[in-house]
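To start, the structure itself, in structure tokens.
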Amino acid sequence: MKQQTGSFIKRNLPFILFVVLMFSFRSSVADYYHVPSGSMEPTIQVGDRIVVDKSAYTLELPFTNVVLSQTGDITRGDIVVIKSSAADTRLVKRVVAIAGDTVSLSNNTLTVNDEHAVIQRGNHYVFQERIGDSQRSIQLLPVKGARSSFNEVVVPDKHVLVMGDNRNNSVDSRYYGFIPVEEIQGQATRVAFSLDKENYYLPRGERSLLALQ
């Protein structure tokens with residue numbers, strides 16, 4: 001039996017090494033995720049498969065949570081993938097405030113460190129939001145009971161405050177509180193490809209390799 005196992009490994013060693021390296025790469029460097037909800041619309045749409053740079057902030061030992069080195073800082077405006085213990089699921093949200101920031105929301109207008117967001121109307125319920133060096137498209141649907149305001153808070157050390165770009169239809173820090181940075185798995189950088197479930201899951205060619213802002 002041992003001889004057969006050894007012979008199998010020897011014959012298939014290149015393939016085995018390829019599989020190990022591929023999963024190691026996905027574990028610690030880059031991966032892609034399916035987006036099942038519209039909480040980040042219009043930036044990320046239902047059916048998008050997003051590329052996640054798992055080494056954007058830390059480099060981890062493959063298949064573990066052991067951090068080998070810090071590779072970057074989380075900044076306002078980053079779109080991040082979170083393995084949320086509070087939500088007991090994976091979240092994709094935008095960082096709107098980092099540790100030490102004072103932030104509030106009034107009628108869907110953000111204020112961070114005394115700087116008020118500038119919101120310009122776009123098409124339908126889509127608007128352009130600019131605050132500091134960060135600019136993005138947001139969606140403001142007329143959703144009853146939406147949490148469109150919260151009082152001024154200070155983001156604690158080693159935490160961030162996140163929100164979905166689909167502001168009135170996103171369960172985020174307004175429900176789960178501040179996000180520990182240790183739960184952030186990486187930065188979403190672009191759409192790998194997208195399938196339209198309303199149209200027989202045909203590919204959306206215009207969204208393939210689309211950079212996320």
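By convention in this document, the chains of the structure tokens carry letters A, B, ... by their order, each chain's residues are numbered from 1, and ligands are numbered from 1 in the order they are shown.
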
Within 10 Å of range 169-181 of chain A, which residues of range 61-132 of chain A come that close, and what is the closest atom pair and distance in Å for each? Count only C-alpha atoms and give it as CSV.
residue,atom,partner,partner_atom,distance
A:Ile74,CA,A:Val181,CA,8.4
A:Ile82,CA,A:Ile179,CA,8.2
A:Lys83,CA,A:Ile179,CA,9.7
A:Ser84,CA,A:Ile179,CA,7.7
A:Ser85,CA,A:Ile179,CA,9.3
A:Ala86,CA,A:Tyr176,CA,6.0
A:Ala87,CA,A:Tyr176,CA,6.8
A:Leu91,CA,A:Asp172,CA,8.3
A:Val92,CA,A:Asp172,CA,9.2
A:Lys93,CA,A:Asp172,CA,7.4
A:Arg94,CA,A:Asp172,CA,9.4
A:Val95,CA,A:Ile179,CA,9.6
A:Ala97,CA,A:Phe178,CA,9.7
A:Ile98,CA,A:Val181,CA,9.5
A:Ala99,CA,A:Val181,CA,9.6
A:Leu105,CA,A:Arg174,CA,10.0

DSSP helix (DSSP H, G or I) residues within range 5-199 of chain A, listed as a PyMOL selection string | chain A and resi 5-11+13-28+167-169+173-176+181-183+197-199

Would you list the contacts of Thr71 in chain A as a PyMOL selection string, taking every protein, DNA or RNA residue within 10 Å and counting only C-alpha atoms, but skipping same-chain residues closer than 5 positions in sequence?
-> chain A and resi 55-59

Closest pair table for range 89-163 of chain A residues within 12 Å of range 43-49 of chain A, only C-alpha atoms, as a Markdown table:
| residue | atom | partner | partner_atom | distance |
| --- | --- | --- | --- | --- |
| A:Val92 | CA | A:Ile44 | CA | 9.3 |
| A:Lys93 | CA | A:Ile44 | CA | 9.9 |
| A:Arg94 | CA | A:Thr43 | CA | 10.2 |
| A:Val126 | CA | A:Thr43 | CA | 10.2 |
| A:Phe127 | CA | A:Thr43 | CA | 11.4 |
| A:Gln128 | CA | A:Thr43 | CA | 11.2 |
| A:Gln135 | CA | A:Thr43 | CA | 11.6 |
| A:Arg136 | CA | A:Thr43 | CA | 8.0 |
| A:Ser137 | CA | A:Thr43 | CA | 6.6 |
| A:Ile138 | CA | A:Thr43 | CA | 7.6 |
| A:Gln139 | CA | A:Thr43 | CA | 9.1 |

Export, as a JSON list (two decimals), in the first residue's frame, the selected residues with C-alpha atoms.
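Contents of the output file result-v7.json:
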[["chain", "number", "residue", "atom", "x", "y", "z"],
["A", 92, "VAL", "CA", -18.06, 43.35, 1.00],
["A", 93, "LYS", "CA", -18.20, 47.01, 2.05],
["A", 94, "ARG", "CA", -16.45, 50.35, 1.66],
["A", 126, "VAL", "CA", -27.41, 57.18, -8.39],
["A", 127, "PHE", "CA", -25.33, 60.05, -7.02],
["A", 128, "GLN", "CA", -21.66, 61.04, -6.98],
["A", 135, "GLN", "CA", -14.93, 59.83, -4.73],
["A", 136, "ARG", "CA", -17.47, 57.15, -5.66],
["A", 137, "SER", "CA", -20.96, 56.47, -6.97],
["A", 138, "ILE", "CA", -23.62, 55.73, -4.37],
["A", 139, "GLN", "CA", -27.25, 54.69, -4.64]]

Between CA of Val162 in chain A and CA of Val51 in chain A, what is the spacing in Å?
->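 It comes out at 19.1 Å.
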
Contacts of Leu140 in chain A at 7 Å or less, counting only C-alpha atoms, minus same-chain residues fewer than 3 places along, as a ChimeraX atom specification?
-> /A:125-126,166-168
